[in-house]
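Enquirer: Could you have a look at this structure, given as structure tokens, before my questions?
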Amino acid sequence: MKARVHIHPKPGVLDPQGKAIGNALKGLGFAGIGDVRQGKLIELDLADSDPAAARARVEDMCRQLLANPVIEDYAIEID
């Protein structure tokens, strides 16, 4: 079973990497670029066969290590 965790800064949290990417895109001539936010994607191969159990384990992983719940939101996909 595979899990994907999409992590991104919460609204209102400063994102200097997103700002740098936005400025670089504008500098390269890409017009119409608004706010840019950068996140990360973590892919996990899991031995679980039950999707609900897998989601619960990944939730625990996110709370304990993968995401900082104070400044980041995350979304989990289980395949």
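Chain labels run A, B, ... following the order of the structure tokens; each chain numbers its residues from 1, and ligands are numbered from 1 in the order shown.
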Report as a list in words all protein, DNA and RNA residues lying within 10 Å of range 44-49 of chain A, evaluated on only C-alpha atoms, omitting residues in the same chain fewer than 4 positions from it.
Expert: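 Near range 44-49 of chain A, the qualifying residues are Met1, Lys2, Ala3, Arg4, Val5, Ala53, Ala54, Arg55, Arg57, Val58, Ile78 and Asp79 of chain A.
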Enquirer: How would you write, as a ChimeraX atom specification, the set of residues in chain A that DSSP gives as helix (DSSP H, G or I)?
Expert: /A:16-27,51-66
Enquirer: Which residue is closest to His8 in chain A? Choose from A:Glu72, A:Glu59, A:Asp35, A:Glu43 and count only C-alpha atoms.
Expert: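 Ranked by minimum distance to His8 in chain A, first place goes to A:Glu72.
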Enquirer: What is the CA of Gly39 in chain A to CA of Met61 in chain A distance in Å?
Expert: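 According to the coordinates, CA of Gly39 in chain A and CA of Met61 in chain A are separated by 17.2 Å.
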Enquirer: Find the residues near Lys40 in chain A: any atom within 12 Å, counting only C-alpha atoms, skip ones fewer than 4 places away on the same chain, and give them as a PyMOL selection string.
Expert: chain A and resi 4-9+17-18+66-67+72-75
Enquirer: One decimal, Å: what's the distance from CA of Gln38 in chain A over to CA of Asn23 in chain A, could you say?
Expert: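 One can read the CA of Gln38 in chain A to CA of Asn23 in chain A distance as 12.9 Å.
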Enquirer: Using only C-alpha atoms, pick whichever of A:Leu25, A:Gln64, A:Val70, A:Ile76 has the shortest atom-to-atom distance to Leu41 in chain A.
Expert: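 Of all the options, A:Ile76 lies closest to Leu41 in chain A.
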Enquirer: So how far away is CA of Val13 in chain A from CA of Ile71 in chain A, in Å?
Expert: 6.5 Å
Enquirer: Here is a test: counting only C-alpha atoms, which residue of A:Leu65, A:Ile21, A:Ala52, A:Leu14 is nearest to Gly34 in chain A?
Expert: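 Going through A:Leu65, A:Ile21, A:Ala52, A:Leu14 one by one, the smallest distance to Gly34 in chain A is for A:Ile21.
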Enquirer: Choose the residue, out of A:Val36, A:Cys62, A:Ala56, A:Ile42, that has the smallest atom-to-atom separation from Pro16 in chain A; count only C-alpha atoms.
Expert: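 Closest to Pro16 in chain A, using only C-alpha atoms: A:Val36.
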